[in-house]
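A short write-up of the structure that comes next.
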Amino acid sequence: MALFYQHNINQRTRLAIWRIEEPESFFLQQVPLKRDVTHPYKRLQHLAGRFLLRELFADFPLAEIEVADTKKPFLPNEKYHFSISHSGNFAAAIVSSESRVGIDIELVTPRIERIAHKFLCAEEKAFLAPWELFDKIRTELTTMIWSSKEAIFKWYGEGQVDFKNHMQLAGTVRYASNEWMTLPYCFLKTGDQSLQLQARLFDPLVLSYVVT
């Protein structure tokens with residue numbers, strides 16, 4: 001068993017991260033493989049993510065999962081809302097019986113700086129500016145912004161989202177003593193919706209999630 005982290009947000013909403021150390025056969029004992037995932041490593045990530053759903057709620061109906069045209073997995077009866085993410089040898093999942101959710105994990109790597117111009121808006125650049133001379137911290141925070149936007153993208157689930165213009169930091173980032181950060185975002189794709197993203201830095205990754 002390789003449960004890396006678990007967080008019960010409330011009685012009806014839970015998330016967890018799994019460090020993938022098991023062979024594919026371990027997950028296939030509990031997880032039906034419905035998708036035609038041919039790459040062995042991608043298949044392992046796929047199985048681990050779905051395995052986590054039952055770790056969070058034992059009665060999660062894995063066999064009923066369908067995948068929308070936008071590639072968002074869902075349950076037709078919406079008994080649970082859920083979101084899954086993979087990065088490296090980690091998988092993460094969030095499940096709620098009452099709220100829409102989105103989750104993302106990202107390995108922290110300097111490569112994020114190469115694409116930062118594609119997703120950072122003016123407010124986010126201003127937030128990062130004080131850390132210009134601190135490469136490690138800036139990379140971690142840039143990854144956190146990217147991860148937060150990925151979590152929003154999964155929460156929305158309809159695709160066709162501009163990461164720079166439709167999702168923008170809008171307010172003061174708050175730091176809590178329990179190591180969680182709250183990032184206030186505006187989602188502009190369908191109007192002007194305020195979202196409170198929760199994010200946390202682990203070693204070696206970043207976790208972000210949204211619940212509405």
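Convention: chains lettered A, B, ... in structure tokens order; per-chain residue numbering from 1; ligands numbered from 1 as shown.
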
List as a CSV table (one decimal) with N, CA and C atoms, in the first residue's frame the protein and nucleic acid residues near stretch 155-164 of chain A, meaning an atom at most 6 Å away when only C-alpha atoms are counted, but skip any in the same chain fewer than 6 places from it.
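Result written to result.csv:
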```csv
chain,number,residue,atom,x,y,z
A,70,THR,N,-15.4,15.5,-24.0
A,70,THR,CA,-14.3,16.4,-23.6
A,70,THR,C,-13.2,15.6,-22.8
A,72,LYS,N,-13.7,14.1,-20.0
A,72,LYS,CA,-13.9,14.2,-18.6
A,72,LYS,C,-14.7,12.9,-18.1
A,101,VAL,N,-16.1,19.2,-8.3
A,101,VAL,CA,-14.7,19.2,-7.8
A,101,VAL,C,-13.8,19.2,-9.0
A,102,GLY,N,-12.6,19.6,-8.7
A,102,GLY,CA,-11.5,19.4,-9.7
A,102,GLY,C,-10.2,19.3,-8.9
A,119,PHE,N,0.3,31.0,-19.9
A,119,PHE,CA,-0.8,30.9,-19.0
A,119,PHE,C,-0.8,31.9,-17.9
A,120,LEU,N,0.2,32.7,-17.7
A,120,LEU,CA,0.3,33.7,-16.7
A,120,LEU,C,-0.4,35.0,-17.1
A,121,CYS,N,-1.3,35.5,-16.4
A,121,CYS,CA,-1.9,36.8,-16.7
A,121,CYS,C,-1.2,37.9,-15.9
```

Item to complete: Find the residues around A:Arg14 up to 8 Å (only C-alpha atoms counted), leave out those fewer than 4 positions away in its own chain, and share them as a ChimeraX atom specification.
Response: /A:6-10,56,94-96

Worksheet item: Just asking: which residues within stretch 69-113 of chain A are strand (DSSP E) according to DSSP, as a list of chain:residue names?
Response: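 Here is the list: A:Pro73, A:Phe74, A:His81, A:Phe82, A:Ser83, A:Ile84, A:Ser85, A:His86, A:Ser87, A:Phe90, A:Ala91, A:Ala92, A:Ala93, A:Ile94, A:Val95, A:Ser96, A:Val101, A:Gly102, A:Ile103, A:Asp104, A:Ile105, A:Glu106, A:Leu107.
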
Keeping N, CA and C atoms, export the residues of the selection given above as a PDB file, in the first residue's frame.
```
ATOM      1  N   PRO A  73     -14.157  12.126 -17.180  1.00  0.00           N
ATOM      2  CA  PRO A  73     -14.898  10.968 -16.665  1.00  0.00           C
ATOM      3  C   PRO A  73     -16.009  11.428 -15.713  1.00  0.00           C
ATOM      4  N   PHE A  74     -17.117  10.682 -15.720  1.00  0.00           N
ATOM      5  CA  PHE A  74     -18.242  11.079 -14.874  1.00  0.00           C
ATOM      6  C   PHE A  74     -19.129   9.869 -14.606  1.00  0.00           C
ATOM      7  N   HIS A  81     -19.392  13.150  -7.517  1.00  0.00           N
ATOM      8  CA  HIS A  81     -18.611  13.985  -8.419  1.00  0.00           C
ATOM      9  C   HIS A  81     -17.148  13.668  -8.127  1.00  0.00           C
ATOM     10  N   PHE A  82     -16.314  13.618  -9.171  1.00  0.00           N
ATOM     11  CA  PHE A  82     -14.932  13.233  -8.928  1.00  0.00           C
ATOM     12  C   PHE A  82     -14.008  13.807  -9.982  1.00  0.00           C
ATOM     13  N   SER A  83     -12.735  13.798  -9.668  1.00  0.00           N
ATOM     14  CA  SER A  83     -11.705  14.270 -10.582  1.00  0.00           C
ATOM     15  C   SER A  83     -10.432  13.497 -10.272  1.00  0.00           C
ATOM     16  N   ILE A  84      -9.649  13.230 -11.313  1.00  0.00           N
ATOM     17  CA  ILE A  84      -8.427  12.427 -11.181  1.00  0.00           C
ATOM     18  C   ILE A  84      -7.281  13.161 -11.872  1.00  0.00           C
ATOM     19  N   SER A  85      -6.073  13.003 -11.323  1.00  0.00           N
ATOM     20  CA  SER A  85      -4.889  13.598 -11.937  1.00  0.00           C
ATOM     21  C   SER A  85      -3.710  12.648 -11.785  1.00  0.00           C
ATOM     22  N   HIS A  86      -2.753  12.741 -12.719  1.00  0.00           N
ATOM     23  CA  HIS A  86      -1.537  11.928 -12.649  1.00  0.00           C
ATOM     24  C   HIS A  86      -0.335  12.805 -12.957  1.00  0.00           C
ATOM     25  N   SER A  87       0.778  12.495 -12.325  1.00  0.00           N
ATOM     26  CA  SER A  87       2.042  13.160 -12.670  1.00  0.00           C
ATOM     27  C   SER A  87       3.177  12.273 -12.188  1.00  0.00           C
ATOM     28  N   PHE A  90       2.865   9.401  -9.442  1.00  0.00           N
ATOM     29  CA  PHE A  90       1.829   9.764  -8.482  1.00  0.00           C
ATOM     30  C   PHE A  90       0.481   9.863  -9.185  1.00  0.00           C
ATOM     31  N   ALA A  91      -0.568   9.486  -8.466  1.00  0.00           N
ATOM     32  CA  ALA A  91      -1.948   9.674  -8.916  1.00  0.00           C
ATOM     33  C   ALA A  91      -2.708  10.345  -7.785  1.00  0.00           C
ATOM     34  N   ALA A  92      -3.654  11.197  -8.137  1.00  0.00           N
ATOM     35  CA  ALA A  92      -4.470  11.882  -7.134  1.00  0.00           C
ATOM     36  C   ALA A  92      -5.929  11.812  -7.546  1.00  0.00           C
ATOM     37  N   ALA A  93      -6.808  11.842  -6.564  1.00  0.00           N
ATOM     38  CA  ALA A  93      -8.245  11.829  -6.836  1.00  0.00           C
ATOM     39  C   ALA A  93      -8.965  12.612  -5.750  1.00  0.00           C
ATOM     40  N   ILE A  94     -10.062  13.243  -6.148  1.00  0.00           N
ATOM     41  CA  ILE A  94     -10.959  13.903  -5.201  1.00  0.00           C
ATOM     42  C   ILE A  94     -12.370  13.418  -5.519  1.00  0.00           C
ATOM     43  N   VAL A  95     -13.149  13.138  -4.477  1.00  0.00           N
ATOM     44  CA  VAL A  95     -14.504  12.617  -4.637  1.00  0.00           C
ATOM     45  C   VAL A  95     -15.422  13.363  -3.677  1.00  0.00           C
ATOM     46  N   SER A  96     -16.603  13.722  -4.172  1.00  0.00           N
ATOM     47  CA  SER A  96     -17.596  14.377  -3.319  1.00  0.00           C
ATOM     48  C   SER A  96     -18.983  13.860  -3.658  1.00  0.00           C
ATOM     49  N   VAL A 101     -16.124  19.185  -8.264  1.00  0.00           N
ATOM     50  CA  VAL A 101     -14.739  19.196  -7.804  1.00  0.00           C
ATOM     51  C   VAL A 101     -13.765  19.158  -8.982  1.00  0.00           C
ATOM     52  N   GLY A 102     -12.555  19.568  -8.724  1.00  0.00           N
ATOM     53  CA  GLY A 102     -11.467  19.447  -9.678  1.00  0.00           C
ATOM     54  C   GLY A 102     -10.166  19.317  -8.921  1.00  0.00           C
ATOM     55  N   ILE A 103      -9.254  18.502  -9.413  1.00  0.00           N
ATOM     56  CA  ILE A 103      -7.980  18.289  -8.729  1.00  0.00           C
ATOM     57  C   ILE A 103      -6.857  18.205  -9.756  1.00  0.00           C
ATOM     58  N   ASP A 104      -5.661  18.613  -9.330  1.00  0.00           N
ATOM     59  CA  ASP A 104      -4.493  18.460 -10.197  1.00  0.00           C
ATOM     60  C   ASP A 104      -3.246  18.307  -9.338  1.00  0.00           C
ATOM     61  N   ILE A 105      -2.325  17.461  -9.787  1.00  0.00           N
ATOM     62  CA  ILE A 105      -1.002  17.369  -9.195  1.00  0.00           C
ATOM     63  C   ILE A 105       0.028  17.579 -10.299  1.00  0.00           C
ATOM     64  N   GLU A 106       1.130  18.200  -9.947  1.00  0.00           N
ATOM     65  CA  GLU A 106       2.207  18.467 -10.889  1.00  0.00           C
ATOM     66  C   GLU A 106       3.546  18.278 -10.193  1.00  0.00           C
ATOM     67  N   LEU A 107       4.463  17.577 -10.844  1.00  0.00           N
ATOM     68  CA  LEU A 107       5.831  17.525 -10.356  1.00  0.00           C
ATOM     69  C   LEU A 107       6.469  18.890 -10.561  1.00  0.00           C
TER      70      LEU A 107
END
```

Please run DSSP on the backbone and report, as a CSV table (one decimal) with N, CA and C atoms, in the first residue's frame, all residues within chain A that come out as helix (DSSP H, G or I).
```csv
chain,number,residue,atom,x,y,z
A,24,GLU,N,0.8,-3.5,-12.4
A,24,GLU,CA,-0.5,-3.4,-12.9
A,24,GLU,C,-1.5,-4.4,-12.4
A,25,SER,N,-1.0,-5.6,-12.1
A,25,SER,CA,-1.8,-6.7,-11.6
A,25,SER,C,-2.5,-6.4,-10.3
A,26,PHE,N,-1.8,-5.6,-9.5
A,26,PHE,CA,-2.3,-5.2,-8.2
A,26,PHE,C,-3.6,-4.4,-8.4
A,27,PHE,N,-3.6,-3.4,-9.3
A,27,PHE,CA,-4.8,-2.6,-9.5
A,27,PHE,C,-5.9,-3.3,-10.3
A,28,LEU,N,-5.5,-4.2,-11.2
A,28,LEU,CA,-6.5,-4.9,-11.9
A,28,LEU,C,-7.4,-5.9,-11.1
A,40,PRO,N,2.0,1.1,-21.4
A,40,PRO,CA,2.0,0.5,-20.1
A,40,PRO,C,2.0,1.5,-19.0
A,41,TYR,N,2.8,2.5,-19.0
A,41,TYR,CA,2.9,3.5,-17.9
A,41,TYR,C,1.7,4.3,-17.8
A,42,LYS,N,1.1,4.7,-18.9
A,42,LYS,CA,-0.2,5.5,-18.9
A,42,LYS,C,-1.3,4.6,-18.4
A,43,ARG,N,-1.3,3.3,-18.7
A,43,ARG,CA,-2.3,2.4,-18.2
A,43,ARG,C,-2.2,2.3,-16.7
A,44,LEU,N,-0.9,2.2,-16.2
A,44,LEU,CA,-0.7,2.1,-14.8
A,44,LEU,C,-1.2,3.3,-14.0
A,45,GLN,N,-1.0,4.5,-14.6
A,45,GLN,CA,-1.5,5.8,-14.0
A,45,GLN,C,-3.0,5.8,-14.0
A,46,HIS,N,-3.6,5.4,-15.1
A,46,HIS,CA,-5.1,5.3,-15.2
A,46,HIS,C,-5.7,4.4,-14.2
A,47,LEU,N,-5.1,3.2,-14.0
A,47,LEU,CA,-5.6,2.3,-13.0
A,47,LEU,C,-5.4,2.8,-11.6
A,48,ALA,N,-4.3,3.4,-11.3
A,48,ALA,CA,-4.0,3.9,-10.0
A,48,ALA,C,-5.0,5.0,-9.6
A,49,GLY,N,-5.3,5.9,-10.6
A,49,GLY,CA,-6.3,7.0,-10.3
A,49,GLY,C,-7.6,6.4,-9.9
A,50,ARG,N,-8.1,5.4,-10.7
A,50,ARG,CA,-9.4,4.9,-10.4
A,50,ARG,C,-9.4,4.0,-9.1
A,51,PHE,N,-8.3,3.4,-8.9
A,51,PHE,CA,-8.2,2.6,-7.6
A,51,PHE,C,-8.4,3.6,-6.4
A,52,LEU,N,-7.9,4.8,-6.5
A,52,LEU,CA,-8.0,5.7,-5.4
A,52,LEU,C,-9.5,6.1,-5.1
A,53,LEU,N,-10.3,6.1,-6.1
A,53,LEU,CA,-11.7,6.4,-5.9
A,53,LEU,C,-12.4,5.6,-4.9
A,54,ARG,N,-12.1,4.3,-4.9
A,54,ARG,CA,-12.6,3.4,-3.9
A,54,ARG,C,-11.9,3.4,-2.6
A,55,GLU,N,-10.7,3.9,-2.6
A,55,GLU,CA,-10.0,4.2,-1.3
A,55,GLU,C,-10.7,5.3,-0.6
A,56,LEU,N,-11.2,6.2,-1.3
A,56,LEU,CA,-11.9,7.4,-0.7
A,56,LEU,C,-13.3,7.1,-0.3
A,62,LEU,N,-17.2,2.0,-9.8
A,62,LEU,CA,-16.2,2.1,-10.9
A,62,LEU,C,-16.7,1.7,-12.2
A,63,ALA,N,-17.5,0.6,-12.2
A,63,ALA,CA,-18.0,0.1,-13.5
A,63,ALA,C,-18.9,1.0,-14.2
A,64,GLU,N,-19.5,2.0,-13.5
A,64,GLU,CA,-20.4,2.9,-14.1
A,64,GLU,C,-19.8,4.2,-14.7
A,112,ILE,N,8.6,24.3,-16.3
A,112,ILE,CA,7.3,25.1,-16.2
A,112,ILE,C,7.6,26.5,-16.7
A,113,GLU,N,8.9,27.0,-16.5
A,113,GLU,CA,9.2,28.4,-16.9
A,113,GLU,C,9.1,28.6,-18.4
A,114,ARG,N,9.3,27.5,-19.2
A,114,ARG,CA,9.3,27.6,-20.6
A,114,ARG,C,7.9,27.9,-21.2
A,115,ILE,N,6.9,27.5,-20.5
A,115,ILE,CA,5.5,27.7,-21.0
A,115,ILE,C,4.8,28.7,-20.1
A,116,ALA,N,5.4,29.3,-19.1
A,116,ALA,CA,4.7,30.2,-18.2
A,116,ALA,C,4.1,31.4,-19.0
A,117,HIS,N,4.7,31.9,-20.0
A,117,HIS,CA,4.1,33.0,-20.8
A,117,HIS,C,2.8,32.7,-21.4
A,118,LYS,N,2.5,31.4,-21.6
A,118,LYS,CA,1.3,31.0,-22.2
A,118,LYS,C,0.1,31.0,-21.2
A,119,PHE,N,0.3,31.0,-19.9
A,119,PHE,CA,-0.8,30.9,-19.0
A,119,PHE,C,-0.8,31.9,-17.9
A,122,ALA,N,-1.5,39.1,-16.0
A,122,ALA,CA,-0.8,40.2,-15.4
A,122,ALA,C,-0.8,40.1,-13.9
A,123,GLU,N,-1.9,39.7,-13.3
A,123,GLU,CA,-2.0,39.6,-11.9
A,123,GLU,C,-1.1,38.5,-11.3
A,124,GLU,N,-1.0,37.5,-12.1
A,124,GLU,CA,-0.1,36.3,-11.6
A,124,GLU,C,1.4,36.7,-11.8
A,125,LYS,N,1.7,37.4,-12.8
A,125,LYS,CA,3.1,37.9,-13.0
A,125,LYS,C,3.5,38.8,-11.8
A,126,ALA,N,2.5,39.7,-11.4
A,126,ALA,CA,2.8,40.6,-10.3
A,126,ALA,C,3.0,39.8,-9.0
A,127,PHE,N,2.2,38.8,-8.8
A,127,PHE,CA,2.4,37.9,-7.6
A,127,PHE,C,3.7,37.2,-7.6
A,128,LEU,N,4.2,36.8,-8.7
A,128,LEU,CA,5.5,36.2,-8.8
A,128,LEU,C,6.7,37.1,-8.8
A,129,ALA,N,6.5,38.4,-9.1
A,129,ALA,CA,7.6,39.3,-9.3
A,129,ALA,C,8.6,39.4,-8.1
A,130,PRO,N,8.1,39.4,-6.8
A,130,PRO,CA,9.0,39.5,-5.7
A,130,PRO,C,10.0,38.3,-5.6
A,131,TRP,N,9.6,37.2,-6.2
A,131,TRP,CA,10.5,36.0,-6.2
A,131,TRP,C,11.4,35.8,-7.4
A,135,ASP,N,15.0,31.3,-7.6
A,135,ASP,CA,14.6,30.4,-8.6
A,135,ASP,C,13.7,29.2,-8.1
A,136,LYS,N,14.1,28.6,-7.0
A,136,LYS,CA,13.3,27.5,-6.5
A,136,LYS,C,11.9,27.9,-6.1
A,137,ILE,N,11.8,28.9,-5.3
A,137,ILE,CA,10.5,29.4,-4.9
A,137,ILE,C,9.6,29.8,-6.0
A,138,ARG,N,10.2,30.6,-7.0
A,138,ARG,CA,9.4,31.0,-8.1
A,138,ARG,C,8.9,29.8,-8.9
A,139,THR,N,9.8,28.8,-9.1
A,139,THR,CA,9.3,27.6,-9.9
A,139,THR,C,8.2,26.9,-9.1
A,140,GLU,N,8.3,26.8,-7.8
A,140,GLU,CA,7.2,26.2,-7.1
A,140,GLU,C,5.9,26.9,-7.2
A,141,LEU,N,6.0,28.3,-7.1
A,141,LEU,CA,4.8,29.1,-7.1
A,141,LEU,C,4.2,29.1,-8.6
A,142,THR,N,5.0,29.1,-9.6
A,142,THR,CA,4.6,29.1,-10.9
A,142,THR,C,3.9,27.7,-11.2
A,143,THR,N,4.4,26.7,-10.7
A,143,THR,CA,3.8,25.3,-10.8
A,143,THR,C,2.5,25.3,-10.1
A,144,MET,N,2.4,26.0,-9.0
A,144,MET,CA,1.1,26.0,-8.2
A,144,MET,C,0.0,26.8,-9.0
A,145,ILE,N,0.4,27.8,-9.7
A,145,ILE,CA,-0.6,28.6,-10.5
A,145,ILE,C,-1.0,27.7,-11.6
A,146,TRP,N,-0.1,27.0,-12.3
A,146,TRP,CA,-0.5,26.1,-13.4
A,146,TRP,C,-1.4,25.0,-12.9
A,147,SER,N,-1.0,24.4,-11.8
A,147,SER,CA,-1.8,23.3,-11.2
A,147,SER,C,-3.2,23.8,-10.8
A,148,SER,N,-3.3,25.0,-10.3
A,148,SER,CA,-4.6,25.6,-9.9
A,148,SER,C,-5.5,25.7,-11.2
A,149,LYS,N,-4.9,26.2,-12.3
A,149,LYS,CA,-5.7,26.3,-13.5
A,149,LYS,C,-6.1,25.0,-14.1
A,150,GLU,N,-5.2,24.0,-14.0
A,150,GLU,CA,-5.6,22.7,-14.4
A,150,GLU,C,-6.8,22.1,-13.6
A,151,ALA,N,-6.8,22.4,-12.3
A,151,ALA,CA,-7.9,21.9,-11.4
A,151,ALA,C,-9.2,22.6,-11.8
A,152,ILE,N,-9.1,23.9,-12.1
A,152,ILE,CA,-10.3,24.6,-12.6
A,152,ILE,C,-10.8,24.0,-13.9
A,153,PHE,N,-9.9,23.8,-14.8
A,153,PHE,CA,-10.2,23.2,-16.1
A,153,PHE,C,-11.0,21.9,-15.9
A,154,LYS,N,-10.5,21.0,-15.0
A,154,LYS,CA,-11.2,19.7,-14.8
A,154,LYS,C,-12.5,19.9,-14.1
A,155,TRP,N,-12.6,20.9,-13.2
A,155,TRP,CA,-13.8,21.2,-12.5
A,155,TRP,C,-14.9,21.7,-13.5
A,156,TYR,N,-14.5,22.5,-14.5
A,156,TYR,CA,-15.4,23.0,-15.5
A,156,TYR,C,-15.8,21.8,-16.4
```
